[in-house]
Amino acid sequence: MNIATPVVADDSWTVAGKTFRSRLIVGTGKYKDFAQNAAAVEASGAEIVTVAVRRVNVSDPKAPMLTDYIDPKKITYLPNTAGCFDADSAVRTLRLAREAGGWDLVKLEVLGEARTLYPDMRETLKATGTLVKEGFKPMVYCVDDPIAAKQLEEAGAVAIMPLGAPIGSGLGIQNRVTIRLIVEGANVPVLVDAGVGTASDAGVAMELGCDGVLMNTAIAEAKDPVMMARAMKLAVESGRLAYLAGRMGQRRYADPSSPLAGLI
């Protein structure tokens, strides 16, 4: 077998009618400059980047612009509502994004407090309903709760994005059981959003059956962000293949690789 031959010929995924091959989404915050960010995006193979509308210049031509380094014609921009703590401010932020760049595929996050950055699900559901009525296609950051995830889907979310651990914590996937339940119950893509710290965490998310992983800090705060971006690319691909392959069953005791019966 030629090791260069892909095991899965076409393993693309689709959200809101748009199809992508990479299952890794990366952020655009915390890098030392736009050039480093662009290099990391290239190394990651990501086809989608998130942009915090309230923090990154996407419209003032007199100031340095992310679009000069990451081409929106080649990479899909996903405006997000980072820093919003109520539904009204989140909706207002995404209206501005649509006016500035024409985006309707967006990432919604409505935070409950500054200390944990956990989502406020009441305000998140409220914002989701409003955005859907206005023609937006929201991918929604949420708690790792299968019931809340289903409510978001019913409200019109085009993707469910449960946290693996608190934003920027790097703690890894702390809630494998509930994330797996969300995956099993969803009819839209499920992507782990927040908490990934290193490549093995991304692999775990994919092995649980998630459609993708979104991360920012894990790459941006690595000692070598570009190298870590490459590691994350490989981890997401590896985890996906392991999920498709179907892992062996887990046992409490040893089971010899070579049968013991018929020994001399």
# chains A, B, ... in the order shown; residues from 1 in each chain; ligands from 1
$ residues_around --residues "region 17-19 of chain A" --least-positions-apart "3" --cutoff "10 Å" --atoms "only C-alpha atoms" --output "list in words"
Ser12, Trp13, Thr14, Ser22, Glu47, Thr76, Leu105 and Val158 of chain A
$ residues_around --residues "Leu241 (chain A)" --least-positions-apart "3" --cutoff "9 Å" --atoms "only C-alpha atoms" --output "PyMOL selection string"
chain A and resi 7-8+206-207+236-238+244-246
$ write_last_selection --atoms "N, CA and C atoms" --output "CSV table (one decimal), in the first residue's frame"
chain,number,residue,atom,x,y,z
A,7,VAL,N,-6.6,7.4,3.0
A,7,VAL,CA,-7.4,6.4,3.5
A,7,VAL,C,-8.9,6.7,3.1
A,8,VAL,N,-9.3,7.9,3.3
A,8,VAL,CA,-10.6,8.4,3.0
A,8,VAL,C,-10.5,9.4,1.8
A,206,MET,N,-11.8,14.9,18.1
A,206,MET,CA,-12.2,14.2,16.8
A,206,MET,C,-12.5,12.7,17.0
A,207,GLU,N,-11.9,12.1,18.0
A,207,GLU,CA,-12.2,10.7,18.2
A,207,GLU,C,-13.6,10.5,18.8
A,236,VAL,N,-5.9,16.7,14.2
A,236,VAL,CA,-7.3,16.6,13.8
A,236,VAL,C,-7.5,15.6,12.7
A,237,GLU,N,-6.6,15.5,11.8
A,237,GLU,CA,-6.7,14.5,10.7
A,237,GLU,C,-6.6,13.1,11.3
A,238,SER,N,-5.6,12.9,12.3
A,238,SER,CA,-5.4,11.6,12.9
A,238,SER,C,-6.6,11.2,13.7
A,244,LEU,N,-13.3,7.2,12.3
A,244,LEU,CA,-13.8,6.5,11.2
A,244,LEU,C,-13.5,5.0,11.2
A,245,ALA,N,-12.2,4.8,11.7
A,245,ALA,CA,-11.7,3.4,11.7
A,245,ALA,C,-12.5,2.5,12.8
A,246,GLY,N,-12.9,3.2,13.9
A,246,GLY,CA,-13.6,2.4,14.9
A,246,GLY,C,-12.6,1.8,15.9
$ residues_around --residues "Ala218 (chain A)" --least-positions-apart "3" --cutoff "8 Å" --atoms "only C-alpha atoms" --output "PyMOL selection string"
chain A and resi 168+170+196-198+215+221-222+228
$ closest_atom_pairs --of "region 145-168 of chain A" --to "region 172-177 of chain A" --cutoff "10 Å" --atoms "only C-alpha atoms" --output "tab-separated table"
residue	atom	partner	partner_atom	distance
A:Asp145	CA	A:Asn175	CA	9.9
A:Pro162	CA	A:Asn175	CA	9.8
A:Leu163	CA	A:Ile173	CA	8.2
A:Gly164	CA	A:Ile173	CA	4.5
A:Ala165	CA	A:Gln174	CA	5.9
A:Pro166	CA	A:Gly172	CA	9.2
$ write_last_selection --atoms "C-alpha atoms" --output "tab-separated table (two decimals), in the first residue's frame"
chain	number	residue	atom	x	y	z
A	145	ASP	CA	-25.35	20.16	27.74
A	162	PRO	CA	-19.70	23.06	23.08
A	163	LEU	CA	-16.70	24.02	25.16
A	164	GLY	CA	-14.19	21.33	26.01
A	165	ALA	CA	-12.92	23.40	28.96
A	166	PRO	CA	-12.96	27.14	29.79
$ atom_distance --atom1 "CA of Leu94 (chain A)" --atom2 "CA of Phe34 (chain A)"
22.4 Å
$ select_by_dssp --residues "region 82-162 of chain A" --states "strand (DSSP E or B)" --output "ChimeraX atom specification"
/A:105-108,111,119,137-142,159-162
$ write_last_selection --atoms "C-alpha atoms" --output "JSON list (two decimals), in the first residue's frame"
[["chain", "number", "residue", "atom", "x", "y", "z"],
["A", 105, "LEU", "CA", -22.23, 32.74, 8.45],
["A", 106, "VAL", "CA", -21.19, 33.87, 11.93],
["A", 107, "LYS", "CA", -20.06, 32.55, 15.29],
["A", 108, "LEU", "CA", -22.22, 33.54, 18.23],
["A", 111, "LEU", "CA", -20.72, 35.15, 27.83],
["A", 119, "PRO", "CA", -21.82, 31.03, 27.98],
["A", 137, "LYS", "CA", -26.51, 31.45, 9.95],
["A", 138, "PRO", "CA", -25.10, 31.20, 13.49],
["A", 139, "MET", "CA", -22.58, 28.64, 14.66],
["A", 140, "VAL", "CA", -23.12, 28.79, 18.40],
["A", 141, "TYR", "CA", -20.75, 28.44, 21.37],
["A", 142, "CYS", "CA", -22.51, 26.68, 24.23],
["A", 159, "ALA", "CA", -23.61, 24.28, 14.13],
["A", 160, "ILE", "CA", -23.28, 23.47, 17.83],
["A", 161, "MET", "CA", -19.99, 24.39, 19.51],
["A", 162, "PRO", "CA", -19.70, 23.06, 23.08]]
$ closest_atom_pairs --of "region 59-167 of chain A" --to "region 23-28 of chain A" --cutoff "12 Å" --atoms "only C-alpha atoms" --output "JSON lines"
{"residue": "A:Met65", "atom": "CA", "partner": "A:Thr28", "partner_atom": "CA", "distance": 11.7}
{"residue": "A:Leu66", "atom": "CA", "partner": "A:Thr28", "partner_atom": "CA", "distance": 8.5}
{"residue": "A:Thr67", "atom": "CA", "partner": "A:Thr28", "partner_atom": "CA", "distance": 11.2}
{"residue": "A:Tyr69", "atom": "CA", "partner": "A:Thr28", "partner_atom": "CA", "distance": 11.1}
{"residue": "A:Ile70", "atom": "CA", "partner": "A:Thr28", "partner_atom": "CA", "distance": 9.8}
{"residue": "A:Ile75", "atom": "CA", "partner": "A:Ile25", "partner_atom": "CA", "distance": 10.5}
{"residue": "A:Thr76", "atom": "CA", "partner": "A:Ile25", "partner_atom": "CA", "distance": 9.8}
{"residue": "A:Tyr77", "atom": "CA", "partner": "A:Gly27", "partner_atom": "CA", "distance": 9.9}
{"residue": "A:Leu78", "atom": "CA", "partner": "A:Gly27", "partner_atom": "CA", "distance": 9.2}
{"residue": "A:Pro79", "atom": "CA", "partner": "A:Gly27", "partner_atom": "CA", "distance": 10.2}
{"residue": "A:Asn80", "atom": "CA", "partner": "A:Gly27", "partner_atom": "CA", "distance": 9.9}
{"residue": "A:Ala82", "atom": "CA", "partner": "A:Gly27", "partner_atom": "CA", "distance": 11.1}
{"residue": "A:Lys107", "atom": "CA", "partner": "A:Ile25", "partner_atom": "CA", "distance": 11.4}
{"residue": "A:Met161", "atom": "CA", "partner": "A:Ile25", "partner_atom": "CA", "distance": 11.6}
$ select_by_dssp --residues "region 8-191 of chain A" --states "alpha helix (DSSP H)" --output "number ranges by chain"
A: 34-44, 87-101, 121-133, 146-155, 176-185
$ closest_residue --among "A:Asp10, A:Asp201, A:Asp193, A:Glu154" --to "Asn216 (chain A)" --atoms "only C-alpha atoms"
A:Asp193
$ closest_residue --among "A:Ala16, A:Ala220, A:Ala202, A:Ala254" --to "Val41 (chain A)" --atoms "only C-alpha atoms"
A:Ala220
$ residues_around --residues "Lys233 (chain A)" --least-positions-apart "5" --cutoff "8 Å" --atoms "only C-alpha atoms" --output "count of residues only"
5
$ atom_distance --atom1 "CA of Tyr31 (chain A)" --atom2 "CA of Asp120 (chain A)"
27.3 Å
$ residues_around --residues "Ala97 (chain A)" --least-positions-apart "3" --cutoff "10 Å" --atoms "only C-alpha atoms" --output "PDB file with N, CA and C atoms, in the first residue's frame"
ATOM      1  N   VAL A  51     -12.907  35.795  13.554  1.00  0.00           N
ATOM      2  CA  VAL A  51     -12.474  37.178  13.711  1.00  0.00           C
ATOM      3  C   VAL A  51     -13.366  37.846  14.749  1.00  0.00           C
ATOM      4  N   ALA A  52     -12.756  38.329  15.826  1.00  0.00           N
ATOM      5  CA  ALA A  52     -13.507  39.042  16.857  1.00  0.00           C
ATOM      6  C   ALA A  52     -13.824  40.442  16.333  1.00  0.00           C
ATOM      7  N   VAL A  53     -15.067  40.663  15.988  1.00  0.00           N
ATOM      8  CA  VAL A  53     -15.474  41.926  15.359  1.00  0.00           C
ATOM      9  C   VAL A  53     -15.149  43.132  16.238  1.00  0.00           C
ATOM     10  N   ARG A  54     -15.248  42.972  17.524  1.00  0.00           N
ATOM     11  CA  ARG A  54     -15.032  44.102  18.422  1.00  0.00           C
ATOM     12  C   ARG A  54     -13.560  44.410  18.660  1.00  0.00           C
ATOM     13  N   VAL A  58     -11.434  45.271  10.516  1.00  0.00           N
ATOM     14  CA  VAL A  58     -11.764  44.650   9.231  1.00  0.00           C
ATOM     15  C   VAL A  58     -12.347  45.659   8.250  1.00  0.00           C
ATOM     16  N   SER A  59     -12.372  46.958   8.640  1.00  0.00           N
ATOM     17  CA  SER A  59     -13.033  47.924   7.772  1.00  0.00           C
ATOM     18  C   SER A  59     -12.285  49.245   7.578  1.00  0.00           C
ATOM     19  N   LEU A  78     -15.062  34.016   9.720  1.00  0.00           N
ATOM     20  CA  LEU A  78     -16.197  33.731  10.584  1.00  0.00           C
ATOM     21  C   LEU A  78     -16.229  34.785  11.693  1.00  0.00           C
ATOM     22  N   PRO A  79     -16.961  35.877  11.494  1.00  0.00           N
ATOM     23  CA  PRO A  79     -17.029  36.922  12.521  1.00  0.00           C
ATOM     24  C   PRO A  79     -17.629  36.361  13.800  1.00  0.00           C
ATOM     25  N   ASN A  80     -17.049  36.721  14.940  1.00  0.00           N
ATOM     26  CA  ASN A  80     -17.616  36.246  16.192  1.00  0.00           C
ATOM     27  C   ASN A  80     -17.890  37.402  17.155  1.00  0.00           C
ATOM     28  N   THR A  81     -18.595  37.068  18.218  1.00  0.00           N
ATOM     29  CA  THR A  81     -19.045  38.089  19.171  1.00  0.00           C
ATOM     30  C   THR A  81     -18.274  38.024  20.479  1.00  0.00           C
ATOM     31  N   VAL A  91     -26.007  40.646  18.920  1.00  0.00           N
ATOM     32  CA  VAL A  91     -26.738  40.848  17.674  1.00  0.00           C
ATOM     33  C   VAL A  91     -26.268  42.122  16.982  1.00  0.00           C
ATOM     34  N   ARG A  92     -26.081  43.166  17.752  1.00  0.00           N
ATOM     35  CA  ARG A  92     -25.625  44.450  17.199  1.00  0.00           C
ATOM     36  C   ARG A  92     -24.237  44.295  16.558  1.00  0.00           C
ATOM     37  N   THR A  93     -23.373  43.548  17.216  1.00  0.00           N
ATOM     38  CA  THR A  93     -22.015  43.321  16.710  1.00  0.00           C
ATOM     39  C   THR A  93     -22.042  42.602  15.362  1.00  0.00           C
ATOM     40  N   LEU A  94     -22.892  41.598  15.242  1.00  0.00           N
ATOM     41  CA  LEU A  94     -22.946  40.837  13.991  1.00  0.00           C
ATOM     42  C   LEU A  94     -23.648  41.617  12.881  1.00  0.00           C
ATOM     43  N   ALA A 100     -20.128  45.515   7.229  1.00  0.00           N
ATOM     44  CA  ALA A 100     -18.730  45.732   6.840  1.00  0.00           C
ATOM     45  C   ALA A 100     -18.258  44.748   5.780  1.00  0.00           C
ATOM     46  N   GLY A 101     -18.673  43.490   5.910  1.00  0.00           N
ATOM     47  CA  GLY A 101     -18.130  42.479   4.996  1.00  0.00           C
ATOM     48  C   GLY A 101     -19.136  41.590   4.315  1.00  0.00           C
ATOM     49  N   GLY A 102     -20.406  41.778   4.611  1.00  0.00           N
ATOM     50  CA  GLY A 102     -21.435  40.972   3.976  1.00  0.00           C
ATOM     51  C   GLY A 102     -21.573  39.566   4.531  1.00  0.00           C
ATOM     52  N   TRP A 103     -21.011  39.317   5.703  1.00  0.00           N
ATOM     53  CA  TRP A 103     -21.034  37.967   6.259  1.00  0.00           C
ATOM     54  C   TRP A 103     -22.389  37.602   6.856  1.00  0.00           C
ATOM     55  N   ASP A 104     -22.849  36.395   6.574  1.00  0.00           N
ATOM     56  CA  ASP A 104     -24.045  35.887   7.243  1.00  0.00           C
ATOM     57  C   ASP A 104     -23.755  34.602   8.027  1.00  0.00           C
ATOM     58  N   VAL A 106     -21.827  33.186  10.806  1.00  0.00           N
ATOM     59  CA  VAL A 106     -21.193  33.875  11.934  1.00  0.00           C
ATOM     60  C   VAL A 106     -21.053  32.919  13.119  1.00  0.00           C
TER      61      VAL A 106
END
$ closest_residue --among "A:Ile147, A:Val204, A:Val213, A:Ala194" --to "Leu181 (chain A)" --atoms "only C-alpha atoms"
A:Ile147
